[in-house]
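Report on the structure given below.
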Amino acid sequence: MSDAGFLRRALELAERGRGLTSPNPMVGAVVVRDGRIVGEGVHLKAGGPHAEIDALAVAGDAARGATLYVTLEPCTHHGRTPPCAPVVVGAGVVRVVAALVDPNPLVAGGGAARLREAGVTVEIGLLADEAERQNRTWLTAVRERRPHVTLKAAATLDGKLADVHGTSKWITGEPARLHAHRLRAESDAIVVGVTTALRDDPALTVRLERPWPREPYRVVLDTNARLGPDARLVHAGTPARAIVVVGDAAPSPRVTALENAGVTVLRCPAQEGRVDVTALVARLFELDVRAVLVEGGGETHAAFLDAGLVDRVALFLAPLLLGGRDAAGVLGGAGRELKSAVRLGPVSVARLGDDLFLEADVVREPASPDTRGPGVSARGPGGP
């Protein structure tokens, strides 16, 4: 097998951690000696063993003289666990092939430098595009110091989220709804507007074929604290994992009722009568949220788009036509002129039963040089 083949196996291993490793990246590692895999490892949980350490433990003495293939440059900093680079050196590895360099400007290339100082050959960049796609949410957090935001909607072919009476269950079929729960499983927080929360009374939980070990935050944008403490999403999981985001002028009795129910209430500035979503994502980032899934409705979608916060769009389309000038659409807000439309990159399309699933990144203008200072630690705050 070639270098690319072994590194692609490491990427496959890293996928086992999808939705489980936040605020850390997904990382896979393979130890190869004399053309044979002698150890494999994967990072599965923040605070758990790094993929390199896991793979080297499996390889044991066979790691001496071996090549380590890893999806991310081995770290040199001490966070929740000790640094990996010294362990790699101590195991007797003579060559490291990594897909990505650590993007944190404080430590970028530090692992490679430490290995090279010890005489280890280091090669970085093979399958970098695939590794970037795999860890795009974590990379956004590291580079921009905010969560990666995906806008998700289930709509008819004419772009309606519900009919003229507000009914939306169910626009899409079971395969599409199952995939939507997989998107939730990959997220740290699921966000809806209060109109959606009051109309649909959603649970905002992850419901998959097997019990999911991680509970994303269930977040409602509720400027005036209209959501009642008996709402389904409050009691669908740990009440403290339900976050109601209110404005500074939210009535105190309503806020107190939510807090008495165990809800986490966040006060954020309001702009034009609505919670400032830029302030919200900054608060969520402080809570170790690295991936946000915005589930609507149309006004909430528009607020995140207008703030320039949406990184990716995930749209489920059902073969239905509803019409209705008053029926809710995927996007609300004031709208845009054609020349200032939000542009999307290449669109991937998959069939899910009778429905279509479309996914694309938002195309951004080239950023100016970053003057905001150092990024977060490469594998979460302080490392795993």
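The way I read the labels, and the way they are meant: chains A, B, ... in the order of the structure tokens, residue 1 as the first residue of every chain, and ligand 1 as the first ligand shown, with later ones counted on from there.
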What's around Ile37 in chain A at 12 Å? Count only C-alpha atoms, leave out sequence neighbours fewer than 4 positions away in its own chain, and write the answer as a ChimeraX atom specification.
/A:1-3,5-7,9-10,29-33,41,55-56,58-59,62-63,66-69
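Close contacts of Val42 in chain A, defined as residues with an atom at most 6 Å away when counting only C-alpha atoms, with chain neighbours fewer than 4 positions off set aside, comprise A:Leu13, A:Ala14, A:Val27, A:Gly28, A:Ala51.
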Those same residues - N, CA, C and O atoms - I'd like them written as a PDB file, in the first residue's frame.
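Saved file result.pdb follows:
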ATOM      1  N   LEU A  13     -10.251   5.906  10.033  1.00  0.00           N
ATOM      2  CA  LEU A  13     -10.293   5.703  11.481  1.00  0.00           C
ATOM      3  C   LEU A  13     -10.800   6.957  12.191  1.00  0.00           C
ATOM      4  O   LEU A  13     -11.605   6.883  13.123  1.00  0.00           O
ATOM      5  N   ALA A  14     -10.342   8.113  11.729  1.00  0.00           N
ATOM      6  CA  ALA A  14     -10.754   9.374  12.357  1.00  0.00           C
ATOM      7  C   ALA A  14     -12.259   9.546  12.302  1.00  0.00           C
ATOM      8  O   ALA A  14     -12.860  10.132  13.223  1.00  0.00           O
ATOM      9  N   VAL A  27      -9.154  12.674  14.794  1.00  0.00           N
ATOM     10  CA  VAL A  27      -7.797  12.303  14.388  1.00  0.00           C
ATOM     11  C   VAL A  27      -7.692  10.783  14.344  1.00  0.00           C
ATOM     12  O   VAL A  27      -8.170  10.092  15.250  1.00  0.00           O
ATOM     13  N   GLY A  28      -7.069  10.290  13.284  1.00  0.00           N
ATOM     14  CA  GLY A  28      -6.772   8.869  13.161  1.00  0.00           C
ATOM     15  C   GLY A  28      -5.290   8.675  12.907  1.00  0.00           C
ATOM     16  O   GLY A  28      -4.616   9.561  12.377  1.00  0.00           O
ATOM     17  N   ALA A  51      -4.925   9.828  19.041  1.00  0.00           N
ATOM     18  CA  ALA A  51      -4.850   8.722  18.093  1.00  0.00           C
ATOM     19  C   ALA A  51      -3.438   8.145  18.009  1.00  0.00           C
ATOM     20  O   ALA A  51      -3.251   6.926  17.929  1.00  0.00           O
TER      21      ALA A  51
END
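The residues of range 7-93 of chain A that DSSP classifies as strand (DSSP E or B), using the backbone of this structure, are Gly28, Ala29, Val30, Val31, Val32, Arg33, Arg36, Ile37, Val38, Gly39, Glu40, Gly41, Val42, Thr67, Leu68, Tyr69, Val70, Thr71 and Leu72 of chain A.
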Print the selection's residues with N, CA, C and O atoms to a file, as a PDB file, in the first residue's frame.
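Saved to again-v3.pdb:
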ATOM      1  N   GLY A  28      -7.069  10.290  13.284  1.00  0.00           N
ATOM      2  CA  GLY A  28      -6.772   8.869  13.161  1.00  0.00           C
ATOM      3  C   GLY A  28      -5.290   8.675  12.907  1.00  0.00           C
ATOM      4  O   GLY A  28      -4.616   9.561  12.377  1.00  0.00           O
ATOM      5  N   ALA A  29      -4.753   7.517  13.300  1.00  0.00           N
ATOM      6  CA  ALA A  29      -3.323   7.241  13.141  1.00  0.00           C
ATOM      7  C   ALA A  29      -3.098   5.767  12.822  1.00  0.00           C
ATOM      8  O   ALA A  29      -3.838   4.893  13.300  1.00  0.00           O
ATOM      9  N   VAL A  30      -2.073   5.523  12.004  1.00  0.00           N
ATOM     10  CA  VAL A  30      -1.694   4.167  11.613  1.00  0.00           C
ATOM     11  C   VAL A  30      -0.183   4.034  11.720  1.00  0.00           C
ATOM     12  O   VAL A  30       0.558   4.912  11.242  1.00  0.00           O
ATOM     13  N   VAL A  31       0.287   2.986  12.347  1.00  0.00           N
ATOM     14  CA  VAL A  31       1.720   2.695  12.437  1.00  0.00           C
ATOM     15  C   VAL A  31       2.035   1.565  11.465  1.00  0.00           C
ATOM     16  O   VAL A  31       1.392   0.508  11.489  1.00  0.00           O
ATOM     17  N   VAL A  32       3.024   1.797  10.597  1.00  0.00           N
ATOM     18  CA  VAL A  32       3.360   0.835   9.541  1.00  0.00           C
ATOM     19  C   VAL A  32       4.845   0.496   9.610  1.00  0.00           C
ATOM     20  O   VAL A  32       5.699   1.395   9.661  1.00  0.00           O
ATOM     21  N   ARG A  33       5.136  -0.786   9.596  1.00  0.00           N
ATOM     22  CA  ARG A  33       6.534  -1.246   9.569  1.00  0.00           C
ATOM     23  C   ARG A  33       6.673  -2.332   8.516  1.00  0.00           C
ATOM     24  O   ARG A  33       5.867  -3.274   8.477  1.00  0.00           O
ATOM     25  N   ARG A  36       3.576  -3.198   6.550  1.00  0.00           N
ATOM     26  CA  ARG A  36       2.450  -3.851   7.229  1.00  0.00           C
ATOM     27  C   ARG A  36       1.970  -2.988   8.385  1.00  0.00           C
ATOM     28  O   ARG A  36       2.770  -2.425   9.139  1.00  0.00           O
ATOM     29  N   ILE A  37       0.668  -2.862   8.515  1.00  0.00           N
ATOM     30  CA  ILE A  37       0.091  -2.099   9.629  1.00  0.00           C
ATOM     31  C   ILE A  37       0.276  -2.883  10.927  1.00  0.00           C
ATOM     32  O   ILE A  37      -0.167  -4.035  11.042  1.00  0.00           O
ATOM     33  N   VAL A  38       0.931  -2.247  11.888  1.00  0.00           N
ATOM     34  CA  VAL A  38       1.173  -2.905  13.178  1.00  0.00           C
ATOM     35  C   VAL A  38       0.427  -2.217  14.324  1.00  0.00           C
ATOM     36  O   VAL A  38       0.465  -2.702  15.463  1.00  0.00           O
ATOM     37  N   GLY A  39      -0.223  -1.106  14.021  1.00  0.00           N
ATOM     38  CA  GLY A  39      -0.981  -0.431  15.063  1.00  0.00           C
ATOM     39  C   GLY A  39      -1.917   0.601  14.464  1.00  0.00           C
ATOM     40  O   GLY A  39      -1.569   1.285  13.495  1.00  0.00           O
ATOM     41  N   GLU A  40      -3.110   0.700  15.007  1.00  0.00           N
ATOM     42  CA  GLU A  40      -4.083   1.706  14.591  1.00  0.00           C
ATOM     43  C   GLU A  40      -4.667   2.389  15.818  1.00  0.00           C
ATOM     44  O   GLU A  40      -4.809   1.775  16.874  1.00  0.00           O
ATOM     45  N   GLY A  41      -5.015   3.679  15.652  1.00  0.00           N
ATOM     46  CA  GLY A  41      -5.592   4.415  16.770  1.00  0.00           C
ATOM     47  C   GLY A  41      -6.513   5.506  16.294  1.00  0.00           C
ATOM     48  O   GLY A  41      -6.420   5.983  15.159  1.00  0.00           O
ATOM     49  N   VAL A  42      -7.414   5.921  17.177  1.00  0.00           N
ATOM     50  CA  VAL A  42      -8.368   6.981  16.861  1.00  0.00           C
ATOM     51  C   VAL A  42      -8.682   7.745  18.138  1.00  0.00           C
ATOM     52  O   VAL A  42      -8.745   7.164  19.228  1.00  0.00           O
ATOM     53  N   THR A  67       6.906   3.837  10.363  1.00  0.00           N
ATOM     54  CA  THR A  67       6.341   5.113   9.911  1.00  0.00           C
ATOM     55  C   THR A  67       4.983   5.313  10.567  1.00  0.00           C
ATOM     56  O   THR A  67       4.167   4.387  10.615  1.00  0.00           O
ATOM     57  N   LEU A  68       4.753   6.526  11.065  1.00  0.00           N
ATOM     58  CA  LEU A  68       3.466   6.874  11.647  1.00  0.00           C
ATOM     59  C   LEU A  68       2.705   7.741  10.661  1.00  0.00           C
ATOM     60  O   LEU A  68       3.202   8.799  10.240  1.00  0.00           O
ATOM     61  N   TYR A  69       1.509   7.318  10.276  1.00  0.00           N
ATOM     62  CA  TYR A  69       0.618   8.098   9.423  1.00  0.00           C
ATOM     63  C   TYR A  69      -0.471   8.677  10.319  1.00  0.00           C
ATOM     64  O   TYR A  69      -1.167   7.933  11.026  1.00  0.00           O
ATOM     65  N   VAL A  70      -0.631   9.989  10.291  1.00  0.00           N
ATOM     66  CA  VAL A  70      -1.580  10.635  11.186  1.00  0.00           C
ATOM     67  C   VAL A  70      -2.249  11.794  10.463  1.00  0.00           C
ATOM     68  O   VAL A  70      -1.626  12.466   9.624  1.00  0.00           O
ATOM     69  N   THR A  71      -3.524  12.033  10.753  1.00  0.00           N
ATOM     70  CA  THR A  71      -4.286  13.041  10.018  1.00  0.00           C
ATOM     71  C   THR A  71      -3.985  14.465  10.464  1.00  0.00           C
ATOM     72  O   THR A  71      -4.345  15.412   9.773  1.00  0.00           O
ATOM     73  N   LEU A  72      -3.341  14.633  11.616  1.00  0.00           N
ATOM     74  CA  LEU A  72      -2.985  15.953  12.118  1.00  0.00           C
ATOM     75  C   LEU A  72      -1.620  15.886  12.785  1.00  0.00           C
ATOM     76  O   LEU A  72      -1.312  14.916  13.487  1.00  0.00           O
TER      77      LEU A  72
END
Need the shell around range 73-76 of chain A: protein/DNA/RNA residues with any atom at most 8 Å away, counting only C-alpha atoms. Skip same-chain ones fewer than 5 positions apart. Format as a ChimeraX atom specification?
/A:52,83-86,98-102,107,109-112,114,124
Based on the selection just made, write all heavy atoms of those residues as a tab-separated table (two decimals), in the first residue's frame.
chain	number	residue	atom	x	y	z
A	52	GLU	N	-2.43	9.04	18.02
A	52	GLU	CA	-1.03	8.57	17.93
A	52	GLU	C	-0.67	7.67	19.11
A	52	GLU	O	-0.03	6.62	18.94
A	52	GLU	CB	-0.06	9.76	17.91
A	52	GLU	CG	-0.34	10.79	16.83
A	52	GLU	CD	-1.18	11.94	17.34
A	52	GLU	OE1	-2.24	11.68	17.94
A	52	GLU	OE2	-0.76	13.09	17.13
A	83	PRO	N	1.75	15.87	25.79
A	83	PRO	CA	2.02	16.05	24.36
A	83	PRO	C	2.39	14.73	23.68
A	83	PRO	O	2.96	13.82	24.31
A	83	PRO	CB	3.19	17.03	24.34
A	83	PRO	CG	3.82	16.92	25.68
A	83	PRO	CD	2.73	16.58	26.64
A	84	CYS	N	2.09	14.66	22.39
A	84	CYS	CA	2.31	13.42	21.64
A	84	CYS	C	3.71	13.30	21.04
A	84	CYS	O	4.25	12.20	20.95
A	84	CYS	CB	1.29	13.31	20.51
A	84	CYS	SG	-0.39	13.07	21.08
A	85	ALA	N	4.28	14.42	20.59
A	85	ALA	CA	5.55	14.35	19.87
A	85	ALA	C	6.64	13.61	20.65
A	85	ALA	O	7.34	12.76	20.08
A	85	ALA	CB	6.01	15.75	19.47
A	86	PRO	N	6.84	13.89	21.94
A	86	PRO	CA	7.87	13.16	22.68
A	86	PRO	C	7.59	11.66	22.74
A	86	PRO	O	8.53	10.85	22.74
A	86	PRO	CB	7.82	13.79	24.08
A	86	PRO	CG	7.24	15.14	23.87
A	86	PRO	CD	6.25	14.98	22.77
A	98	ALA	N	1.93	13.29	7.92
A	98	ALA	CA	0.74	13.92	8.46
A	98	ALA	C	0.00	14.67	7.35
A	98	ALA	O	0.63	15.24	6.45
A	98	ALA	CB	1.09	14.88	9.60
A	99	ALA	N	-1.32	14.68	7.44
A	99	ALA	CA	-2.12	15.38	6.43
A	99	ALA	C	-2.12	16.88	6.65
A	99	ALA	O	-1.99	17.65	5.70
A	99	ALA	CB	-3.56	14.85	6.44
A	100	LEU	N	-2.26	17.33	7.90
A	100	LEU	CA	-2.40	18.75	8.20
A	100	LEU	C	-1.41	19.20	9.25
A	100	LEU	O	-1.11	18.47	10.20
A	100	LEU	CB	-3.81	19.05	8.72
A	100	LEU	CG	-4.99	18.94	7.76
A	100	LEU	CD1	-6.28	19.24	8.50
A	100	LEU	CD2	-4.82	19.89	6.58
A	101	VAL	N	-0.94	20.44	9.10
A	101	VAL	CA	-0.17	21.09	10.15
A	101	VAL	C	-1.15	21.68	11.16
A	101	VAL	O	-2.28	22.03	10.82
A	101	VAL	CB	0.74	22.19	9.56
A	101	VAL	CG1	-0.08	23.36	9.05
A	101	VAL	CG2	1.77	22.65	10.56
A	102	ASP	N	-0.75	21.76	12.41
A	102	ASP	CA	-1.56	22.40	13.43
A	102	ASP	C	-1.77	23.86	13.04
A	102	ASP	O	-0.80	24.59	12.85
A	102	ASP	CB	-0.80	22.30	14.76
A	102	ASP	CG	-1.57	22.89	15.93
A	102	ASP	OD1	-2.43	23.76	15.70
A	102	ASP	OD2	-1.27	22.51	17.07
A	107	VAL	N	1.47	27.40	17.85
A	107	VAL	CA	2.12	26.08	17.88
A	107	VAL	C	2.27	25.45	16.51
A	107	VAL	O	2.79	24.35	16.40
A	107	VAL	CB	1.34	25.12	18.80
A	107	VAL	CG1	1.37	25.60	20.23
A	107	VAL	CG2	-0.10	24.96	18.34
A	109	GLY	N	3.38	23.86	13.38
A	109	GLY	CA	4.69	23.32	13.01
A	109	GLY	C	5.55	22.94	14.18
A	109	GLY	O	6.64	22.38	14.00
A	110	GLY	N	5.09	23.20	15.41
A	110	GLY	CA	5.91	22.88	16.57
A	110	GLY	C	6.13	21.40	16.75
A	110	GLY	O	7.22	20.96	17.13
A	111	GLY	N	5.08	20.61	16.47
A	111	GLY	CA	5.24	19.16	16.57
A	111	GLY	C	6.23	18.64	15.56
A	111	GLY	O	7.09	17.81	15.89
A	112	ALA	N	6.13	19.13	14.33
A	112	ALA	CA	7.06	18.70	13.29
A	112	ALA	C	8.48	19.09	13.64
A	112	ALA	O	9.43	18.31	13.44
A	112	ALA	CB	6.65	19.31	11.95
A	114	ARG	N	9.78	19.55	16.62
A	114	ARG	CA	10.27	18.70	17.72
A	114	ARG	C	10.68	17.34	17.20
A	114	ARG	O	11.71	16.78	17.62
A	114	ARG	CB	9.14	18.55	18.77
A	114	ARG	CG	9.42	17.53	19.87
A	114	ARG	CD	10.54	18.02	20.79
A	114	ARG	NE	10.76	17.08	21.88
A	114	ARG	CZ	11.51	15.99	21.79
A	114	ARG	NH1	12.12	15.71	20.63
A	114	ARG	NH2	11.67	15.19	22.82
A	124	ILE	N	4.42	16.62	5.58
A	124	ILE	CA	3.08	17.13	5.87
A	124	ILE	C	2.43	17.64	4.58
A	124	ILE	O	3.10	18.30	3.78
A	124	ILE	CB	3.12	18.26	6.91
A	124	ILE	CG1	3.68	17.74	8.24
A	124	ILE	CG2	1.72	18.84	7.14
A	124	ILE	CD1	3.78	18.79	9.33
As JSON, numbers by chain, please: every residue in range 174-268 of chain A that a backbone DSSP assignment puts in helix (DSSP H, G or I).
{"A": [174, 175, 176, 177, 178, 179, 180, 181, 182, 183, 184, 185, 194, 195, 196, 197, 198, 199, 200, 232, 233, 234, 235, 239, 240, 241, 252, 253, 254, 255, 256, 257, 258, 259, 260]}
Would you pick out the contacts of Ala231 in chain A at 9 Å or less, using only C-alpha atoms, so that residues sharing its chain but fewer than 6 positions from it are not included, and give the list as a PyMOL selection string?
chain A and resi 197-198+201-203
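Proximity of A:Gly19, A:Pro239, A:Pro251, A:Gly193 to Val220 in chain A, computed with only C-alpha atoms, is greatest for A:Gly193.
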Test item: residues at most 10 Å from Arg351 in chain A, only C-alpha atoms, excluding those fewer than 5 positions along its chain, as a list of chain:residue names
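Contacts, with the query itself left out: A:Pro175, A:Ala176, A:Phe316, A:Leu317, A:Leu356, A:Phe357, A:Leu358.
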Mind writing the picked residues with C-alpha atoms as a PDB file, in the first residue's frame?
ATOM      1  CA  PRO A 175     -34.773   8.712   5.497  1.00  0.00           C
ATOM      2  CA  ALA A 176     -34.343  12.496   5.346  1.00  0.00           C
ATOM      3  CA  PHE A 316     -33.637  18.748   2.464  1.00  0.00           C
ATOM      4  CA  LEU A 317     -36.070  19.149  -0.451  1.00  0.00           C
ATOM      5  CA  LEU A 356     -33.142  15.304  -2.078  1.00  0.00           C
ATOM      6  CA  PHE A 357     -30.370  16.430   0.253  1.00  0.00           C
ATOM      7  CA  LEU A 358     -28.303  19.383  -0.967  1.00  0.00           C
TER       8      LEU A 358
END
